[in-house]
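Enquirer: Input query_22.pdb, format and content: PDB, C-alpha atoms.
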ATOM      1  CA  MET R   1      -4.009  26.122  16.361
ATOM      2  CA  SER R   2      -7.331  27.342  17.753
ATOM      3  CA  ARG R   3      -7.748  29.703  14.800
ATOM      4  CA  GLU R   4      -7.195  26.850  12.358
ATOM      5  CA  LEU R   5      -9.699  24.609  14.126
ATOM      6  CA  ASP R   6     -12.230  27.435  14.300
ATOM      7  CA  ALA R   7     -11.774  28.110  10.592
ATOM      8  CA  ALA R   8     -12.360  24.420   9.853
ATOM      9  CA  GLY R   9     -15.509  24.386  11.972
ATOM     10  CA  ILE R  10     -14.119  21.839  14.419
ATOM     11  CA  THR R  11     -15.766  22.561  17.762
ATOM     12  CA  ASP R  12     -15.901  19.269  19.692
ATOM     13  CA  PRO R  13     -13.272  19.452  22.502
ATOM     14  CA  GLN R  14     -12.145  15.820  22.126
ATOM     15  CA  LEU R  15     -11.826  16.207  18.371
ATOM     16  CA  ARG R  16      -9.903  19.456  18.753
ATOM     17  CA  ALA R  17      -7.491  17.672  21.102
ATOM     18  CA  GLY R  18      -6.970  14.941  18.496
ATOM     19  CA  TYR R  19      -6.206  17.475  15.780
ATOM     20  CA  ALA R  20      -3.818  19.283  18.129
ATOM     21  CA  ARG R  21      -1.984  16.002  18.783
ATOM     22  CA  CYS R  22      -1.609  15.410  15.046
ATOM     23  CA  ARG R  23      -0.356  18.940  14.521
ATOM     24  CA  ASP R  24       2.313  18.378  17.187
ATOM     25  CA  LEU R  25       3.436  15.185  15.420
ATOM     26  CA  ASN R  26       3.679  17.078  12.132
ATOM     27  CA  ALA R  27       5.584  20.009  13.635
ATOM     28  CA  THR R  28       8.011  17.734  15.488
ATOM     29  CA  HIS R  29       8.768  15.095  12.872
ATOM     30  CA  GLY R  30       8.022  16.695   9.518
ATOM     31  CA  ARG R  31       9.579  20.147   9.558
ATOM     32  CA  THR R  32       9.692  20.649   5.791
ATOM     33  CA  TYR R  33       6.167  19.320   5.337
ATOM     34  CA  PHE R  34       4.883  21.380   8.262
ATOM     35  CA  LEU R  35       6.439  24.577   6.936
ATOM     36  CA  ALA R  36       4.710  24.057   3.600
ATOM     37  CA  THR R  37       1.322  23.603   5.297
ATOM     38  CA  ARG R  38       1.587  27.136   6.692
ATOM     39  CA  LEU R  39       0.910  28.323   3.131
ATOM     40  CA  LEU R  40      -2.510  26.654   3.052
ATOM     41  CA  PRO R  41      -5.698  28.409   4.143
ATOM     42  CA  ALA R  42      -6.185  27.966   7.888
ATOM     43  CA  ALA R  43      -9.288  25.815   7.387
ATOM     44  CA  ALA R  44      -7.349  23.208   5.370
ATOM     45  CA  ARG R  45      -4.363  22.808   7.691
ATOM     46  CA  PRO R  46      -5.937  20.590  10.393
ATOM     47  CA  ALA R  47      -6.821  17.934   7.817
ATOM     48  CA  ILE R  48      -3.260  17.819   6.475
ATOM     49  CA  HIS R  49      -1.908  17.614  10.028
ATOM     50  CA  ALA R  50      -4.335  14.763  10.771
ATOM     51  CA  LEU R  51      -3.215  12.737   7.757
ATOM     52  CA  TYR R  52       0.457  13.295   8.562
ATOM     53  CA  GLY R  53      -0.060  12.623  12.262
ATOM     54  CA  PHE R  54      -1.754   9.303  11.648
ATOM     55  CA  ALA R  55       0.963   8.184   9.222
ATOM     56  CA  ARG R  56       3.691   9.157  11.679
ATOM     57  CA  TYR R  57       1.930   7.517  14.612
ATOM     58  CA  ALA R  58       1.579   4.207  12.746
ATOM     59  CA  ASP R  59       5.136   4.419  11.434
ATOM     60  CA  GLU R  60       6.514   4.847  14.949
ATOM     61  CA  ILE R  61       4.940   1.545  16.002
ATOM     62  CA  VAL R  62       7.146  -0.344  13.545
ATOM     63  CA  ASP R  63      10.112   1.998  13.225
ATOM     64  CA  ASP R  64      11.089   3.309  16.673
ATOM     65  CA  LEU R  65      14.751   2.408  17.269
ATOM     66  CA  ASP R  66      14.336   2.841  21.020
ATOM     67  CA  ASP R  67      11.495   0.323  21.144
ATOM     68  CA  THR R  68      12.994  -3.034  22.132
ATOM     69  CA  ARG R  69       9.750  -4.987  21.884
ATOM     70  CA  PRO R  70       9.764  -7.955  19.480
ATOM     71  CA  TRP R  71       8.093  -7.562  16.112
ATOM     72  CA  SER R  72       5.180  -9.749  17.221
ATOM     73  CA  GLN R  73       4.238  -7.170  19.868
ATOM     74  CA  ARG R  74       4.584  -4.253  17.498
ATOM     75  CA  LEU R  75       2.523  -6.096  14.911
ATOM     76  CA  ALA R  76      -0.182  -6.763  17.504
ATOM     77  CA  GLU R  77      -0.295  -3.036  18.289
ATOM     78  CA  LEU R  78      -0.478  -2.194  14.587
ATOM     79  CA  ASP R  79      -3.299  -4.729  14.149
ATOM     80  CA  ALA R  80      -5.190  -3.173  17.052
ATOM     81  CA  LEU R  81      -4.738   0.288  15.535
ATOM     82  CA  THR R  82      -5.969  -1.029  12.177
ATOM     83  CA  ALA R  83      -9.074  -2.515  13.759
ATOM     84  CA  GLN R  84      -9.832   0.787  15.495
ATOM     85  CA  LEU R  85      -9.260   2.648  12.230
ATOM     86  CA  ARG R  86     -11.653   0.409  10.311
ATOM     87  CA  ARG R  87     -14.350   0.768  12.957
ATOM     88  CA  GLY R  88     -13.875   4.507  12.997
ATOM     89  CA  LEU R  89     -14.048   4.835   9.218
ATOM     90  CA  ALA R  90     -17.251   2.796   9.248
ATOM     91  CA  THR R  91     -18.903   4.776  12.049
ATOM     92  CA  GLY R  92     -17.323   8.198  11.530
ATOM     93  CA  HIS R  93     -16.061   8.375  15.120
ATOM     94  CA  SER R  94     -13.186   7.232  17.326
ATOM     95  CA  ASP R  95     -12.074   7.961  20.880
ATOM     96  CA  HIS R  96      -8.435   7.286  19.974
ATOM     97  CA  PRO R  97      -6.370  10.493  20.431
ATOM     98  CA  VAL R  98      -4.915  10.339  16.905
ATOM     99  CA  LEU R  99      -7.524   8.361  14.986
ATOM    100  CA  ALA R 100     -10.285  10.766  16.011
ATOM    101  CA  ALA R 101      -8.804  13.479  13.806
ATOM    102  CA  VAL R 102      -7.914  11.377  10.774
ATOM    103  CA  ILE R 103     -11.321   9.676  10.748
ATOM    104  CA  ASP R 104     -13.037  13.046  10.913
ATOM    105  CA  THR R 105     -10.849  14.241   8.039
ATOM    106  CA  ALA R 106     -11.583  11.123   5.972
ATOM    107  CA  HIS R 107     -15.319  11.705   6.330
ATOM    108  CA  ARG R 108     -15.167  15.446   5.742
ATOM    109  CA  TYR R 109     -13.256  15.054   2.493
ATOM    110  CA  GLU R 110     -14.632  11.658   1.404
ATOM    111  CA  ILE R 111     -11.177  10.080   1.235
ATOM    112  CA  ASP R 112     -11.183   6.548  -0.150
ATOM    113  CA  PRO R 113     -10.777   4.106   2.793
ATOM    114  CA  GLN R 114      -8.668   1.855   0.556
ATOM    115  CA  HIS R 115      -5.852   4.387   0.771
ATOM    116  CA  PHE R 116      -5.607   3.711   4.513
ATOM    117  CA  GLU R 117      -5.678  -0.055   3.940
ATOM    118  CA  ASP R 118      -2.825   0.237   1.435
ATOM    119  CA  PHE R 119      -0.846   2.291   3.920
ATOM    120  CA  ILE R 120      -1.206  -0.365   6.625
ATOM    121  CA  VAL R 121      -0.035  -3.043   4.178
ATOM    122  CA  SER R 122       3.226  -1.151   3.711
ATOM    123  CA  MET R 123       3.661  -0.716   7.464
ATOM    124  CA  ARG R 124       3.392  -4.492   7.847
ATOM    125  CA  MET R 125       6.127  -4.895   5.220
ATOM    126  CA  ASP R 126       8.589  -3.076   7.502
ATOM    127  CA  ARG R 127       9.370  -6.272   9.384
ATOM    128  CA  PRO R 128      12.970  -6.084  10.686
ATOM    129  CA  VAL R 129      15.612  -8.419   9.249
ATOM    130  CA  ALA R 130      16.240  -9.801  12.742
ATOM    131  CA  GLU R 131      12.592 -10.896  12.855
ATOM    132  CA  GLY R 132      12.679 -12.641   9.490
ATOM    133  CA  GLY R 133      12.119  -9.615   7.256
ATOM    134  CA  VAL R 134      13.848  -8.927   3.965
ATOM    135  CA  ALA R 135      17.075  -6.967   3.708
ATOM    136  CA  GLY R 136      15.854  -4.861   0.812
ATOM    137  CA  TYR R 137      14.105  -4.808  -2.531
ATOM    138  CA  PRO R 138      15.550  -6.446  -5.677
ATOM    139  CA  THR R 139      14.184  -3.869  -8.158
ATOM    140  CA  PHE R 140      12.613  -0.423  -8.216
ATOM    141  CA  ASP R 141       9.324  -2.011  -9.315
ATOM    142  CA  GLU R 142       9.291  -4.245  -6.230
ATOM    143  CA  LEU R 143      10.183  -1.281  -4.044
ATOM    144  CA  GLY R 144       7.229   0.411  -5.714
ATOM    145  CA  VAL R 145       4.811  -2.013  -4.049
ATOM    146  CA  TYR R 146       5.990  -0.744  -0.677
ATOM    147  CA  VAL R 147       6.186   2.887  -1.765
ATOM    148  CA  HIS R 148       2.652   2.849  -3.143
ATOM    149  CA  GLY R 149       1.237   2.230   0.322
ATOM    150  CA  SER R 150       3.755   4.286   2.268
ATOM    151  CA  ALA R 151       3.859   7.335   0.000
ATOM    152  CA  ALA R 152       1.719   7.384  -3.155
ATOM    153  CA  VAL R 153      -1.468   6.959  -1.149
ATOM    154  CA  ILE R 154      -0.460   9.921   1.040
ATOM    155  CA  GLY R 155      -0.538  12.088  -2.073
ATOM    156  CA  LEU R 156      -3.938  10.632  -2.949
ATOM    157  CA  GLN R 157      -5.226  11.239   0.588
ATOM    158  CA  VAL R 158      -4.285  14.923   0.654
ATOM    159  CA  LEU R 159      -5.576  15.670  -2.857
ATOM    160  CA  PRO R 160      -9.243  16.083  -1.805
ATOM    161  CA  VAL R 161      -8.110  18.505   0.917
ATOM    162  CA  LEU R 162      -6.061  20.575  -1.514
ATOM    163  CA  GLY R 163      -8.787  20.643  -4.147
ATOM    164  CA  THR R 164      -8.423  20.593  -7.931
ATOM    165  CA  VAL R 165      -9.528  22.642 -10.923
ATOM    166  CA  VAL R 166      -9.693  19.518 -13.081
ATOM    167  CA  PRO R 167     -11.471  16.216 -12.457
ATOM    168  CA  ARG R 168      -9.670  14.646  -9.502
ATOM    169  CA  GLU R 169      -8.732  11.514 -11.449
ATOM    170  CA  ARG R 170      -6.626  13.633 -13.816
ATOM    171  CA  ALA R 171      -4.567  15.000 -10.942
ATOM    172  CA  GLU R 172      -4.223  11.711  -9.050
ATOM    173  CA  PRO R 173      -1.224  10.277 -10.992
ATOM    174  CA  HIS R 174       0.746  13.459 -10.321
ATOM    175  CA  ALA R 175      -0.231  13.497  -6.641
ATOM    176  CA  ALA R 176       0.826   9.867  -6.289
ATOM    177  CA  ALA R 177       4.141  10.570  -8.064
ATOM    178  CA  LEU R 178       4.849  13.459  -5.727
ATOM    179  CA  GLY R 179       4.277  11.248  -2.698
ATOM    180  CA  VAL R 180       6.760   8.764  -4.154
ATOM    181  CA  ALA R 181       9.306  11.512  -4.886
ATOM    182  CA  PHE R 182       9.122  12.745  -1.291
ATOM    183  CA  GLN R 183       9.502   9.208   0.050
ATOM    184  CA  VAL R 184      12.464   8.258  -2.135
ATOM    185  CA  THR R 185      14.127  11.543  -1.173
ATOM    186  CA  ASN R 186      13.757  10.472   2.466
ATOM    187  CA  PHE R 187      15.200   7.045   1.633
ATOM    188  CA  LEU R 188      18.306   8.643   0.154
ATOM    189  CA  ARG R 189      18.722  11.052   3.059
ATOM    190  CA  ASP R 190      18.142   8.373   5.710
ATOM    191  CA  VAL R 191      19.946   5.402   4.186
ATOM    192  CA  GLY R 192      22.399   5.156   7.105
ATOM    193  CA  GLU R 193      19.680   5.245   9.762
ATOM    194  CA  ASP R 194      17.619   2.698   7.842
ATOM    195  CA  LEU R 195      20.596   0.327   7.751
ATOM    196  CA  ASP R 196      20.693   0.566  11.554
ATOM    197  CA  ARG R 197      17.087  -0.678  11.504
ATOM    198  CA  GLY R 198      18.077  -3.597   9.295
ATOM    199  CA  ARG R 199      16.370  -2.092   6.257
ATOM    200  CA  LEU R 200      17.446  -0.911   2.840
ATOM    201  CA  TYR R 201      15.035   1.019   0.648
ATOM    202  CA  LEU R 202      17.283   1.293  -2.413
ATOM    203  CA  PRO R 203      16.790  -1.174  -5.312
ATOM    204  CA  ALA R 204      19.429  -3.894  -5.254
ATOM    205  CA  ASP R 205      19.745  -4.214  -9.031
ATOM    206  CA  GLU R 206      20.491  -0.519  -9.513
ATOM    207  CA  LEU R 207      23.047  -0.579  -6.700
ATOM    208  CA  ALA R 208      24.620  -3.713  -8.205
ATOM    209  CA  ALA R 209      25.091  -1.937 -11.530
ATOM    210  CA  PHE R 210      27.663   0.204  -9.714
ATOM    211  CA  GLY R 211      29.218  -2.671  -7.757
ATOM    212  CA  VAL R 212      27.341  -1.833  -4.546
ATOM    213  CA  ASP R 213      25.515  -4.205  -2.225
ATOM    214  CA  ARG R 214      24.137  -4.077   1.284
ATOM    215  CA  GLU R 215      27.384  -5.346   2.788
ATOM    216  CA  LEU R 216      29.379  -2.505   1.227
ATOM    217  CA  LEU R 217      26.863   0.062   2.489
ATOM    218  CA  CYS R 218      27.080  -1.405   5.995
ATOM    219  CA  TRP R 219      30.870  -1.282   5.812
ATOM    220  CA  CYS R 220      30.730   2.403   4.854
ATOM    221  CA  ARG R 221      28.319   3.076   7.705
ATOM    222  CA  ARG R 222      30.505   1.207  10.193
ATOM    223  CA  THR R 223      33.866   2.687   9.171
ATOM    224  CA  GLY R 224      32.818   6.210   8.213
ATOM    225  CA  SER R 225      34.414   5.760   4.780
ATOM    226  CA  LEU R 226      32.462   6.300   1.577
ATOM    227  CA  ASP R 227      33.452   4.090  -1.321
ATOM    228  CA  ALA R 228      33.521   5.761  -4.760
ATOM    229  CA  ARG R 229      31.137   3.106  -6.067
ATOM    230  CA  VAL R 230      28.585   4.163  -3.466
ATOM    231  CA  ARG R 231      28.905   7.808  -4.502
ATOM    232  CA  ARG R 232      28.186   6.883  -8.125
ATOM    233  CA  ALA R 233      25.214   4.713  -7.175
ATOM    234  CA  LEU R 234      23.685   7.418  -5.003
ATOM    235  CA  ALA R 235      24.258  10.035  -7.712
ATOM    236  CA  HIS R 236      22.333   7.799 -10.118
ATOM    237  CA  LEU R 237      19.453   7.390  -7.653
ATOM    238  CA  VAL R 238      19.328  11.134  -6.986
ATOM    239  CA  ALA R 239      18.989  11.713 -10.733
ATOM    240  CA  ARG R 240      16.259   9.066 -10.873
ATOM    241  CA  THR R 241      14.390  10.811  -8.070
ATOM    242  CA  ARG R 242      14.596  14.168  -9.826
ATOM    243  CA  ALA R 243      12.841  12.510 -12.772
ATOM    244  CA  ILE R 244       9.966  11.514 -10.471
ATOM    245  CA  TYR R 245       9.630  15.142  -9.372
ATOM    246  CA  ARG R 246       9.407  16.144 -13.034
ATOM    247  CA  ARG R 247       6.546  13.681 -13.543
ATOM    248  CA  ALA R 248       4.762  15.142 -10.523
ATOM    249  CA  ALA R 249       5.258  18.820 -11.406
ATOM    250  CA  PRO R 250       2.354  19.227 -13.905
ATOM    251  CA  GLY R 251      -0.021  18.396 -11.069
ATOM    252  CA  VAL R 252       0.603  21.722  -9.318
ATOM    253  CA  ALA R 253      -1.368  23.663 -11.949
ATOM    254  CA  MET R 254      -4.238  21.195 -11.524
ATOM    255  CA  LEU R 255      -4.665  22.115  -7.858
ATOM    256  CA  ALA R 256      -6.992  24.744  -6.483
ATOM    257  CA  PRO R 257      -5.154  28.105  -6.674
ATOM    258  CA  VAL R 258      -5.045  28.490  -2.871
ATOM    259  CA  SER R 259      -3.146  25.191  -2.588
ATOM    260  CA  ARG R 260      -0.537  25.635  -5.297
ATOM    261  CA  ALA R 261       1.968  27.696  -3.285
ATOM    262  CA  CYS R 262       2.009  25.065  -0.531
ATOM    263  CA  VAL R 263       2.764  22.182  -2.881
ATOM    264  CA  ALA R 264       5.222  24.163  -4.998
ATOM    265  CA  THR R 265       7.106  25.144  -1.839
ATOM    266  CA  ALA R 266       7.172  21.545  -0.622
ATOM    267  CA  ILE R 267       8.563  20.427  -3.981
ATOM    268  CA  THR R 268      11.297  23.058  -3.830
ATOM    269  CA  LEU R 269      12.297  22.253  -0.245
ATOM    270  CA  TYR R 270      12.317  18.495  -0.768
ATOM    271  CA  SER R 271      14.264  18.911  -4.001
ATOM    272  CA  ASP R 272      16.735  20.970  -1.996
ATOM    273  CA  ILE R 273      17.387  17.863   0.110
ATOM    274  CA  LEU R 274      18.660  16.204  -3.064
ATOM    275  CA  ASP R 275      20.857  19.269  -3.657
ATOM    276  CA  GLU R 276      22.217  18.932  -0.112
ATOM    277  CA  ILE R 277      22.979  15.253  -0.729
ATOM    278  CA  ALA R 278      24.858  16.111  -3.894
ATOM    279  CA  GLY R 279      26.596  19.009  -2.131
ATOM    280  CA  ALA R 280      27.784  16.605   0.560
ATOM    281  CA  GLU R 281      29.266  14.467  -2.242
ATOM    282  CA  TYR R 282      26.667  11.789  -1.377
ATOM    283  CA  ASP R 283      28.150  11.204   2.066
ATOM    284  CA  VAL R 284      24.818  10.340   3.708
ATOM    285  CA  LEU R 285      25.768   7.054   5.309
ATOM    286  CA  CYS R 286      27.327   8.627   8.372
ATOM    287  CA  ARG R 287      25.405  11.873   8.663
ATOM    288  CA  ARG R 288      21.961  13.254   7.943
ATOM    289  CA  VAL R 289      21.856  16.203   5.584
ATOM    290  CA  SER R 290      19.227  18.906   5.962
ATOM    291  CA  VAL R 291      18.171  22.104   4.266
ATOM    292  CA  PRO R 292      19.490  25.150   6.188
ATOM    293  CA  SER R 293      16.906  27.286   7.978
ATOM    294  CA  SER R 294      17.938  30.328   5.950
ATOM    295  CA  ARG R 295      17.068  28.476   2.751
ATOM    296  CA  ARG R 296      13.721  27.333   4.171
ATOM    297  CA  ILE R 297      12.822  30.916   4.971
ATOM    298  CA  ALA R 298      14.008  32.158   1.579
ATOM    299  CA  VAL R 299      11.691  29.664  -0.124
ATOM    300  CA  ALA R 300       8.754  30.001   2.263
ATOM    301  CA  VAL R 301       8.433  33.797   2.254
ATOM    302  CA  PRO R 302       7.778  34.166  -1.503
ATOM    303  CA  GLY R 303       5.473  31.145  -1.234
ATOM    304  CA  LEU R 304       3.513  32.930   1.455
ATOM    305  CA  GLY R 305       3.142  35.937  -0.804
ATOM    306  CA  ARG R 306       1.747  33.766  -3.598
ATOM    307  CA  ALA R 307      -0.575  31.997  -1.184
ATOM    308  CA  LEU R 308      -1.970  35.254   0.192
ATOM    309  CA  ALA R 309      -2.459  36.604  -3.322
ATOM    310  CA  ALA R 310      -4.357  33.465  -4.329
ATOM    311  CA  ARG R 311      -6.608  33.717  -1.284
ATOM    312  CA  TYR R 312      -7.325  37.379  -2.030
ATOM    313  CA  LEU R 313      -8.269  36.566  -5.627
ATOM    314  CA  VAL R 314     -10.608  33.815  -4.478
ATOM    315  CA  ARG R 315     -12.315  36.163  -1.993
ATOM    316  CA  SER R 316     -12.559  39.059  -4.450
ATOM    317  CA  THR R 317     -13.756  37.110  -7.502
ATOM    318  CA  PRO R 318     -17.525  37.626  -7.848
ATOM    319  CA  VAL R 319     -19.725  34.569  -7.978
ATOM    320  CA  ARG R 320     -21.480  34.464 -11.342
ATOM    321  CA  SER R 321     -24.986  33.153 -11.655
ATOM    322  CA  PRO R 322     -25.417  30.303 -14.132
TER     323      PRO R 322
END
For the structure just supplied, provide its representation as structure tokens.
Expert:
Amino acid sequence: MSRELDAAGITDPQLRAGYARCRDLNATHGRTYFLATRLLPAAARPAIHALYGFARYADEIVDDLDDTRPWSQRLAELDALTAQLRRGLATGHSDHPVLAAVIDTAHRYEIDPQHFEDFIVSMRMDRPVAEGGVAGYPTFDELGVYVHGSAAVIGLQVLPVLGTVVPRERAEPHAAALGVAFQVTNFLRDVGEDLDRGRLYLPADELAAFGVDRELLCWCRRTGSLDARVRRALAHLVARTRAIYRRAAPGVAMLAPVSRACVATAITLYSDILDEIAGAEYDVLCRRVSVPSSRRIAVAVPGLGRALAARYLVRSTPVRSP
């Protein structure tokens, strides 16, 4: 970690501690994402860890199953965090152990503050059913309102860190689509755990087309039996998610060469989660599928080779005078 912080020119001890905290959150809770970041140049990694760490920290306020506090208390904590974030983005500084790093990153890379506001909006939408929240989303478009803030903006936040070889606005739709693809993949993998939280992040109309509703999903979760209708519905949603990955894929070539291996590896590993879901015959209501470590290594090692080659080319390419 010290080498990464040194490479990024981060010298302030308090700020280094904040980045280290974010890195720990990334390594602990986002194994696939964290593995992909190892393919980035050392100087870029702290910023990605900071963005992930902040998102995870905020998400835990509203999503921790072991937290028995009522929603009103969690919401008050989220509001306090939001106020600190806004002050920090305005001043360029925060003493908060997690916000310090993400605010520094936002200023270093000139990340649009609206992306953070949109993220907080989605966190506020995670109100539990027991506290008067909704049980799910009627359509994919309505789910998209939530996913924009919880996922698409993450892609837009990291894009300035990754860099582009085209005007950033050309790459932004692909970056946003990739964030959505990652998020919907998580929804499919975690559907059982989300039901335990009183939430359902699968569009009701597309489930209904296969004769599936929330009650049937809860029954499958409770009994350990997977209805054939649920298998067909999940197979449809996996195929839909693969289409989102295809929309995102052209964005890889728009990235700076040193960043492409990281994103391509993340796409492969997250797509592998969909393969694992299909391989488990869509039985994700009672267990959590994951990509085997051997597969992660098999994907990451060639990615590392491509990343090192890209860095070498960047260092060895002479700078031409205009």
Enquirer: Pick the closest to Ala44 (chain R) from R:Thr105, R:Thr185, R:Ser225, R:Thr139: which is it, counting all atoms listed in the file?
Expert: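 Selected residue with least distance to Ala44 (chain R): R:Thr105.
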Enquirer: Do you know which residues the PyMOL selection byres ((chain R and resi 82) around 12) returns on this file, as a ChimeraX atom specification?
Expert: /R:54-55,57-58,61,75-81,83-89,96,99,113,116-121,123-124
Enquirer: Show which residues sit within 10 Å of region 212-219 of chain R, as a ChimeraX atom specification. Count only C-alpha atoms, and ignore same-chain residues fewer than 6 positions away.
Expert: /R:135-136,191-192,195-196,198-200,202-206,225-234,285
Enquirer: Using only C-alpha atoms, which residues sit within 12 Å of Tyr19 (chain R) once same-chain residues fewer than 4 positions away are excluded, as a PyMOL selection string?
Expert: chain R and resi 1-2+4-6+8+10-15+23-26+44-54+96-105
Enquirer: List as a list in words the residues having at least one atom at most 9 Å from position (7.2, 12.7, -11.7) as given in the file, counting all atoms listed in the file.
Expert: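 Output of the proximity query reads Pro173, His174, Ala176, Ala177, Leu178, Val180, Ala181, Thr241, Arg242, Ala243, Ile244, Tyr245, Arg246, Arg247, Ala248, Ala249 and Pro250 of chain R.
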Enquirer: Applying 9 Å and all atoms listed in the file, which residues near Thr32 (chain R) remain after dropping the ones on its own chain fewer than 5 positions away? List them as a list in words.
Expert: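 These residues fall inside the cut-off: Ala27, Thr37, Ala266, Leu269, Tyr270, Val291 and Arg296 of chain R.
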Enquirer: First collect every listed atom of region 286-295 of chain R; then fit an axis-aligned box around them, widen it by 6 Å on each side, and give centre and edge lengths in Å to one decimal, as JSON.
Expert:
{"center_x": 22.1, "center_y": 19.5, "center_z": 5.7, "size_x": 22.4, "size_y": 33.7, "size_z": 17.9}
Enquirer: Put region 26-59 of chain R into a file with C-alpha atoms, as an mmCIF file, in the first residue's frame.
Expert:
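Listing of selection-v9.cif after writing:
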data_model
loop_
_atom_site.group_PDB
_atom_site.id
_atom_site.type_symbol
_atom_site.label_atom_id
_atom_site.label_comp_id
_atom_site.auth_asym_id
_atom_site.auth_seq_id
_atom_site.Cartn_x
_atom_site.Cartn_y
_atom_site.Cartn_z
ATOM 1 C CA ASN R 26 -12.191 -2.970 -1.155
ATOM 2 C CA ALA R 27 -10.029 -6.008 -0.398
ATOM 3 C CA THR R 28 -12.510 -7.385 2.141
ATOM 4 C CA HIS R 29 -15.825 -6.816 0.390
ATOM 5 C CA GLY R 30 -15.035 -6.592 -3.310
ATOM 6 C CA ARG R 31 -12.672 -9.438 -4.120
ATOM 7 C CA THR R 32 -13.304 -9.513 -7.868
ATOM 8 C CA TYR R 33 -13.119 -5.734 -8.147
ATOM 9 C CA PHE R 34 -10.004 -5.604 -5.973
ATOM 10 C CA LEU R 35 -8.232 -8.258 -8.026
ATOM 11 C CA ALA R 36 -8.871 -6.265 -11.189
ATOM 12 C CA THR R 37 -7.400 -3.106 -9.633
ATOM 13 C CA ARG R 38 -4.063 -4.897 -9.239
ATOM 14 C CA LEU R 39 -3.716 -4.552 -13.021
ATOM 15 C CA LEU R 40 -3.769 -0.750 -12.841
ATOM 16 C CA PRO R 41 -0.625 1.349 -12.457
ATOM 17 C CA ALA R 42 0.206 1.741 -8.767
ATOM 18 C CA ALA R 43 -0.509 5.481 -8.843
ATOM 19 C CA ALA R 44 -4.126 4.926 -9.958
ATOM 20 C CA ARG R 45 -5.083 2.236 -7.446
ATOM 21 C CA PRO R 46 -5.623 4.415 -4.339
ATOM 22 C CA ALA R 47 -8.262 6.478 -6.142
ATOM 23 C CA ILE R 48 -10.203 3.377 -7.193
ATOM 24 C CA HIS R 49 -9.978 2.012 -3.646
ATOM 25 C CA ALA R 50 -11.246 5.351 -2.297
ATOM 26 C CA LEU R 51 -14.288 5.362 -4.577
ATOM 27 C CA TYR R 52 -15.108 1.745 -3.742
ATOM 28 C CA GLY R 53 -14.474 2.262 -0.035
ATOM 29 C CA PHE R 54 -16.822 5.215 0.180
ATOM 30 C CA ALA R 55 -19.579 3.362 -1.688
ATOM 31 C CA ARG R 56 -19.199 0.328 0.565
ATOM 32 C CA TYR R 57 -19.098 2.423 3.726
ATOM 33 C CA ALA R 58 -22.333 4.229 2.815
ATOM 34 C CA ASP R 59 -23.980 0.994 1.704
#
